[in-house]
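Visitor: What follows is protein-v2.pdb, made up of PDB, C-alpha atoms, pLDDT in the B column:
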```
ATOM      1  CA  MET A  38     -26.872  81.034 -42.065  1.00 64.00           C
ATOM      2  CA  LYS A  39     -29.353  80.152 -39.353  1.00 69.00           C
ATOM      3  CA  SER A  40     -27.903  82.880 -37.162  1.00 76.00           C
ATOM      4  CA  GLU A  41     -28.645  85.519 -39.836  1.00 81.00           C
ATOM      5  CA  PHE A  42     -31.864  84.203 -41.392  1.00 76.00           C
ATOM      6  CA  GLU A  43     -34.966  82.471 -40.110  1.00 77.00           C
ATOM      7  CA  MET A  44     -34.867  78.984 -41.590  1.00 71.00           C
ATOM      8  CA  SER A  45     -36.536  75.620 -41.304  1.00 71.00           C
ATOM      9  CA  LEU A  46     -35.539  72.250 -42.692  1.00 68.00           C
ATOM     10  CA  VAL A  47     -38.216  70.996 -45.068  1.00 69.00           C
ATOM     11  CA  GLY A  48     -36.291  68.098 -46.633  1.00 68.00           C
ATOM     12  CA  ASP A  49     -34.022  67.488 -49.586  1.00 71.00           C
ATOM     13  CA  LEU A  50     -34.009  69.845 -52.540  1.00 71.00           C
ATOM     14  CA  ILE A  51     -36.200  68.354 -55.284  1.00 73.00           C
ATOM     15  CA  ASP A  52     -37.309  71.171 -57.576  1.00 72.00           C
ATOM     16  CA  PHE A  53     -35.972  74.725 -57.669  1.00 75.00           C
ATOM     17  CA  LEU A  54     -36.450  77.280 -60.467  1.00 79.00           C
ATOM     18  CA  ASP A  55     -37.153  74.589 -63.117  1.00 80.00           C
ATOM     19  CA  LEU A  56     -34.166  72.560 -61.943  1.00 81.00           C
ATOM     20  CA  GLN A  57     -34.926  69.050 -60.734  1.00 82.00           C
ATOM     21  CA  VAL A  58     -32.520  67.448 -58.291  1.00 84.00           C
ATOM     22  CA  ARG A  59     -32.363  63.782 -57.269  1.00 83.00           C
ATOM     23  CA  GLN A  60     -30.142  63.135 -54.300  1.00 83.00           C
ATOM     24  CA  MET A  61     -28.907  59.627 -53.667  1.00 83.00           C
ATOM     25  CA  GLU A  62     -26.410  58.253 -51.201  1.00 83.00           C
ATOM     26  CA  ASP A  63     -23.331  58.736 -53.419  1.00 83.00           C
ATOM     27  CA  ASN A  64     -24.630  60.859 -56.299  1.00 84.00           C
ATOM     28  CA  ILE A  65     -26.664  63.910 -57.161  1.00 83.00           C
ATOM     29  CA  PHE A  66     -28.459  64.160 -60.502  1.00 83.00           C
ATOM     30  CA  GLU A  67     -29.421  67.578 -61.838  1.00 85.00           C
ATOM     31  CA  THR A  68     -31.730  68.069 -64.806  1.00 87.00           C
ATOM     32  CA  GLN A  69     -34.003  70.625 -66.443  1.00 89.00           C
ATOM     33  CA  SER A  70     -36.032  68.061 -68.391  1.00 90.00           C
ATOM     34  CA  LYS A  71     -39.435  69.597 -67.603  1.00 92.00           C
ATOM     35  CA  TYR A  72     -38.186  73.039 -68.620  1.00 93.00           C
ATOM     36  CA  ALA A  73     -36.610  71.627 -71.799  1.00 93.00           C
ATOM     37  CA  GLU A  74     -39.892  69.985 -72.781  1.00 93.00           C
ATOM     38  CA  SER A  75     -41.831  73.163 -72.038  1.00 94.00           C
ATOM     39  CA  ILE A  76     -39.662  75.412 -74.232  1.00 95.00           C
ATOM     40  CA  VAL A  77     -39.773  72.948 -77.126  1.00 94.00           C
ATOM     41  CA  MET A  78     -43.575  72.953 -76.859  1.00 95.00           C
ATOM     42  CA  LYS A  79     -43.701  76.750 -76.429  1.00 95.00           C
ATOM     43  CA  PHE A  80     -42.083  77.209 -79.827  1.00 95.00           C
ATOM     44  CA  GLY A  81     -44.083  74.419 -81.508  1.00 94.00           C
ATOM     45  CA  LEU A  82     -41.182  72.086 -82.221  1.00 92.00           C
ATOM     46  CA  GLU A  83     -42.297  69.038 -80.218  1.00 91.00           C
ATOM     47  CA  ASN A  84     -43.135  67.117 -83.430  1.00 90.00           C
ATOM     48  CA  ALA A  85     -40.082  68.284 -85.366  1.00 87.00           C
ATOM     49  CA  SER A  86     -37.493  65.727 -86.419  1.00 86.00           C
ATOM     50  CA  TYR A  87     -34.794  65.102 -83.814  1.00 83.00           C
ATOM     51  CA  ARG A  88     -31.221  66.292 -84.409  1.00 85.00           C
ATOM     52  CA  ARG A  89     -28.268  64.333 -83.027  1.00 82.00           C
ATOM     53  CA  THR A  90     -26.113  67.439 -82.606  1.00 82.00           C
ATOM     54  CA  PRO A  91     -26.997  71.030 -81.698  1.00 82.00           C
ATOM     55  CA  THR A  92     -25.315  72.329 -84.853  1.00 78.00           C
ATOM     56  CA  ALA A  93     -24.279  70.962 -88.220  1.00 73.00           C
ATOM     57  CA  ILE A  94     -20.568  70.451 -88.839  1.00 72.00           C
ATOM     58  CA  HIS A  95     -20.514  72.379 -92.130  1.00 70.00           C
ATOM     59  CA  VAL A  96     -22.608  75.346 -90.945  1.00 69.00           C
ATOM     60  CA  LYS A  97     -20.906  78.423 -89.499  1.00 76.00           C
ATOM     61  CA  VAL A  98     -23.015  81.157 -87.949  1.00 80.00           C
ATOM     62  CA  ARG A  99     -22.366  84.501 -89.697  1.00 79.00           C
ATOM     63  CA  LYS A 100     -23.723  88.034 -89.711  1.00 83.00           C
ATOM     64  CA  ASP A 101     -25.689  87.319 -92.904  1.00 84.00           C
ATOM     65  CA  GLU A 102     -26.242  90.983 -93.824  1.00 83.00           C
ATOM     66  CA  ASN A 103     -28.285  90.066 -96.926  1.00 87.00           C
ATOM     67  CA  GLY A 104     -30.479  87.502 -95.163  1.00 85.00           C
ATOM     68  CA  VAL A 105     -34.213  87.689 -94.594  1.00 89.00           C
ATOM     69  CA  ASP A 106     -35.224  89.474 -91.391  1.00 88.00           C
ATOM     70  CA  VAL A 107     -37.190  87.492 -88.795  1.00 92.00           C
ATOM     71  CA  ASN A 108     -39.418  88.424 -85.878  1.00 92.00           C
ATOM     72  CA  GLN A 109     -36.855  89.569 -83.310  1.00 92.00           C
ATOM     73  CA  SER A 110     -39.138  89.054 -80.312  1.00 94.00           C
ATOM     74  CA  ILE A 111     -39.498  85.338 -81.119  1.00 94.00           C
ATOM     75  CA  TYR A 112     -35.764  84.992 -81.754  1.00 94.00           C
ATOM     76  CA  ILE A 113     -34.879  86.750 -78.491  1.00 95.00           C
ATOM     77  CA  SER A 114     -37.406  84.652 -76.575  1.00 96.00           C
ATOM     78  CA  MET A 115     -35.882  81.451 -77.968  1.00 96.00           C
ATOM     79  CA  ILE A 116     -32.354  82.604 -77.102  1.00 96.00           C
ATOM     80  CA  ARG A 117     -33.337  83.561 -73.544  1.00 96.00           C
ATOM     81  CA  SER A 118     -35.020  80.200 -73.039  1.00 95.00           C
ATOM     82  CA  LEU A 119     -31.929  78.369 -74.278  1.00 95.00           C
ATOM     83  CA  LEU A 120     -29.582  80.508 -72.183  1.00 94.00           C
ATOM     84  CA  TYR A 121     -31.482  79.478 -69.055  1.00 93.00           C
ATOM     85  CA  LEU A 122     -31.207  75.836 -70.113  1.00 92.00           C
ATOM     86  CA  THR A 123     -27.411  76.020 -70.388  1.00 90.00           C
ATOM     87  CA  SER A 124     -27.072  75.742 -66.604  1.00 85.00           C
ATOM     88  CA  SER A 125     -27.647  72.011 -66.938  1.00 85.00           C
ATOM     89  CA  ARG A 126     -26.603  71.535 -70.576  1.00 87.00           C
ATOM     90  CA  PRO A 127     -22.950  72.589 -71.064  1.00 85.00           C
ATOM     91  CA  GLY A 128     -22.892  71.049 -74.548  1.00 86.00           C
ATOM     92  CA  ILE A 129     -25.114  73.791 -75.969  1.00 89.00           C
ATOM     93  CA  THR A 130     -23.528  76.728 -74.167  1.00 89.00           C
ATOM     94  CA  PHE A 131     -21.160  77.840 -76.910  1.00 88.00           C
ATOM     95  CA  VAL A 132     -23.557  77.520 -79.855  1.00 90.00           C
ATOM     96  CA  VAL A 133     -26.309  79.334 -77.929  1.00 92.00           C
ATOM     97  CA  GLY A 134     -23.802  82.080 -77.082  1.00 91.00           C
ATOM     98  CA  VAL A 135     -22.843  82.438 -80.728  1.00 90.00           C
ATOM     99  CA  CYS A 136     -26.503  82.687 -81.763  1.00 92.00           C
ATOM    100  CA  ALA A 137     -27.140  85.200 -78.971  1.00 93.00           C
ATOM    101  CA  ARG A 138     -24.693  87.599 -80.658  1.00 92.00           C
ATOM    102  CA  TYR A 139     -27.191  88.137 -83.469  1.00 92.00           C
ATOM    103  CA  GLN A 140     -30.245  89.121 -81.416  1.00 91.00           C
ATOM    104  CA  ALA A 141     -30.150  92.741 -82.616  1.00 89.00           C
ATOM    105  CA  LYS A 142     -30.174  91.816 -86.315  1.00 90.00           C
ATOM    106  CA  SER A 143     -31.440  88.245 -86.466  1.00 91.00           C
ATOM    107  CA  LYS A 144     -31.929  86.709 -89.877  1.00 92.00           C
ATOM    108  CA  ALA A 145     -33.597  83.549 -91.163  1.00 92.00           C
ATOM    109  CA  SER A 146     -30.256  81.693 -91.116  1.00 91.00           C
ATOM    110  CA  HIS A 147     -29.868  82.480 -87.405  1.00 92.00           C
ATOM    111  CA  LEU A 148     -33.408  81.344 -86.638  1.00 93.00           C
ATOM    112  CA  THR A 149     -32.758  78.108 -88.542  1.00 92.00           C
ATOM    113  CA  GLN A 150     -29.737  77.446 -86.307  1.00 93.00           C
ATOM    114  CA  VAL A 151     -31.696  78.193 -83.117  1.00 94.00           C
ATOM    115  CA  LYS A 152     -34.477  75.867 -84.260  1.00 94.00           C
ATOM    116  CA  ARG A 153     -31.892  73.141 -84.823  1.00 92.00           C
ATOM    117  CA  ILE A 154     -30.736  73.565 -81.222  1.00 93.00           C
ATOM    118  CA  MET A 155     -34.368  73.260 -80.113  1.00 94.00           C
ATOM    119  CA  LYS A 156     -34.761  70.068 -82.175  1.00 93.00           C
ATOM    120  CA  TYR A 157     -31.652  68.683 -80.497  1.00 93.00           C
ATOM    121  CA  ILE A 158     -33.112  69.590 -77.097  1.00 93.00           C
ATOM    122  CA  ASN A 159     -36.375  67.904 -78.066  1.00 92.00           C
ATOM    123  CA  GLY A 160     -34.558  64.594 -78.515  1.00 90.00           C
ATOM    124  CA  THR A 161     -32.394  64.974 -75.414  1.00 87.00           C
ATOM    125  CA  CYS A 162     -34.817  66.406 -72.831  1.00 85.00           C
ATOM    126  CA  ASP A 163     -33.957  63.686 -70.348  1.00 84.00           C
ATOM    127  CA  TYR A 164     -30.218  64.421 -70.235  1.00 84.00           C
ATOM    128  CA  ASP A 165     -28.884  65.236 -66.789  1.00 83.00           C
ATOM    129  CA  ILE A 166     -25.660  66.022 -64.963  1.00 83.00           C
ATOM    130  CA  LEU A 167     -24.204  63.623 -62.433  1.00 80.00           C
ATOM    131  CA  TYR A 168     -22.286  64.884 -59.426  1.00 77.00           C
ATOM    132  CA  SER A 169     -20.541  62.015 -57.705  1.00 78.00           C
ATOM    133  CA  HIS A 170     -19.308  61.921 -54.122  1.00 72.00           C
ATOM    134  CA  ASP A 171     -16.601  59.446 -55.134  1.00 70.00           C
ATOM    135  CA  THR A 172     -14.140  62.139 -56.200  1.00 63.00           C
ATOM    136  CA  ASN A 173     -13.128  65.543 -54.934  1.00 64.00           C
ATOM    137  CA  SER A 174     -13.550  67.208 -58.302  1.00 61.00           C
ATOM    138  CA  ILE A 175     -16.111  67.633 -61.050  1.00 56.00           C
ATOM    139  CA  SER A 176     -15.101  66.643 -64.578  1.00 57.00           C
ATOM    140  CA  VAL A 177     -17.003  67.793 -67.613  1.00 55.00           C
ATOM    141  CA  GLY A 178     -15.682  67.454 -71.138  1.00 52.00           C
ATOM    142  CA  CYS A 179     -17.098  69.553 -73.910  1.00 50.00           C
ATOM    143  CA  ASP A 180     -15.913  69.984 -77.493  1.00 47.00           C
ATOM    144  CA  VAL A 181     -18.304  72.467 -79.033  1.00 49.00           C
ATOM    145  CA  ASN A 182     -16.117  73.965 -81.741  1.00 50.00           C
ATOM    146  CA  ARG A 183     -18.669  73.006 -84.389  1.00 47.00           C
ATOM    147  CA  ALA A 184     -20.391  76.315 -83.712  1.00 48.00           C
ATOM    148  CA  GLU A 185     -17.320  78.485 -84.134  1.00 52.00           C
ATOM    149  CA  SER A 186     -18.089  82.010 -85.173  1.00 53.00           C
ATOM    150  CA  ALA A 187     -17.122  82.685 -88.756  1.00 55.00           C
ATOM    151  CA  ASP A 188     -17.063  86.409 -87.998  1.00 60.00           C
ATOM    152  CA  ASP A 189     -14.413  86.476 -85.280  1.00 58.00           C
ATOM    153  CA  LYS A 190     -12.834  83.005 -85.567  1.00 53.00           C
ATOM    154  CA  LYS A 191     -13.380  82.230 -81.871  1.00 53.00           C
ATOM    155  CA  LYS A 192     -13.273  78.582 -80.970  1.00 51.00           C
ATOM    156  CA  SER A 193     -14.235  76.687 -77.855  1.00 49.00           C
ATOM    157  CA  THR A 194     -12.954  73.365 -76.646  1.00 47.00           C
ATOM    158  CA  SER A 195     -13.134  72.973 -72.906  1.00 47.00           C
ATOM    159  CA  TYR A 196     -12.465  70.442 -70.203  1.00 44.00           C
ATOM    160  CA  TYR A 197     -13.340  71.331 -66.643  1.00 44.00           C
TER     161      TYR A 197
END
```
Show me this structure written as structure tokens.
Guide:
Amino acid sequence: MKSEFEMSLVGDLIDFLDLQVRQMEDNIFETQSKYAESIVMKFGLENASYRRTPTAIHVKVRKDENGVDVNQSIYISMIRSLLYLTSSRPGITFVVGVCARYQAKSKASHLTQVKRIMKYINGTCDYDILYSHDTNSISVGCDVNRAESADDKKKSTSYY
């Protein structure tokens, strides 16, 4: 890259686009804790009760054609904020994706689900991802089927 671009070495990567990186001898930790805290505060949920999971087991996200309309700009802003957070939080990726499907016609039930995700984030802001030099592969397990879409019956259980 140095042959194509003018570059200089300024040290280890520490903070880049709201992503904090801690590099150690055998491990790299990646987190978006500052960003997570900022979005929870942006939407006024910093004092809300913490949720242990991003979605309730018995709740399925649906179209909810008869539901109460909500302010779409707030809903879309919350979804976009959460989508950016998924780069370091694979456990919320599926449920955020399901909620993102309803941006055009968001209802109160959808907003309730997105707020629950935010409450979960509020209690888990310090979560990070560990990349270890000990192995030649990255392993991430994620069972997020709790958020399955009731409209199209899609499910997600992944192991990378």
Visitor: For the provided coordinates, the residues matched by the PyMOL selection byres ((chain A and resi 100) around 8) should be stated as a list in words.
Guide: Val98, Arg99, Asp101, Glu102, Tyr139 and Asp188 of chain A
Visitor: Counting all atoms listed in the file, what is within 12 Å of Tyr164 (chain A), bar same-chain residues fewer than 6 positions away, as a list in words?
Guide: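 My reading of the contact set: Gln57, Phe66, Glu67, Thr68, Gln69, Ser70, Lys71, Tyr72, Ala73, Glu74, Leu122, Thr123, Ser125, Arg126, Pro127, Gly128, Tyr157 and Ile158 of chain A.
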Visitor: Apply the PyMOL selection byres ((chain A and resi 62) around 12) to the displayed file and report the matching residues as a ChimeraX atom specification.
Guide: /A:59-61,63-66,168-171
Visitor: Find the distance between CA of Leu50 (chain A) and CA of Ile154 (chain A) and write it in Å to one decimal.
Guide: 29.1 Å
Visitor: Between CA of Ser124 (chain A) and CA of Val58 (chain A), what is the distance in Å, rounded to a tenth?
Guide: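 Going from CA of Ser124 (chain A) over to CA of Val58 (chain A), I get 12.9 Å.
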Visitor: Between CA of Ser146 (chain A) and CA of Asn108 (chain A), what distance in Å does the model show, to one decimal?
Guide: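 Value for the CA of Ser146 (chain A)-CA of Asn108 (chain A) distance: 12.5 Å.
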Visitor: Could you expand the PyMOL selection byres ((chain A and resi 80) around 10) into the explicit residues it covers here, written as a list in words?
Guide: Ser75, Ile76, Val77, Met78, Lys79, Gly81, Leu82, Glu83, Ile111, Ser114, Met115, Lys152 and Met155 of chain A
Visitor: Which residue, A:Leu119, A:Val105, A:Ile129, A:Ile166, has the smallest gap to Ser143 (chain A) when you use only C-alpha atoms?
Guide: A:Val105
Visitor: Between A:Leu148, A:Ile51, A:Leu56, A:Ala85, which one has atoms that come closest to Tyr112 (chain A), using only C-alpha atoms?
Guide: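 Checking each candidate against Tyr112 (chain A), we get A:Leu148 as the closest.
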Visitor: Smallest atom-to-atom distance to Ile113 (chain A): which of A:Val132, A:Leu167, A:Val151, A:Ala93, using only C-alpha atoms?
Guide: A:Val151
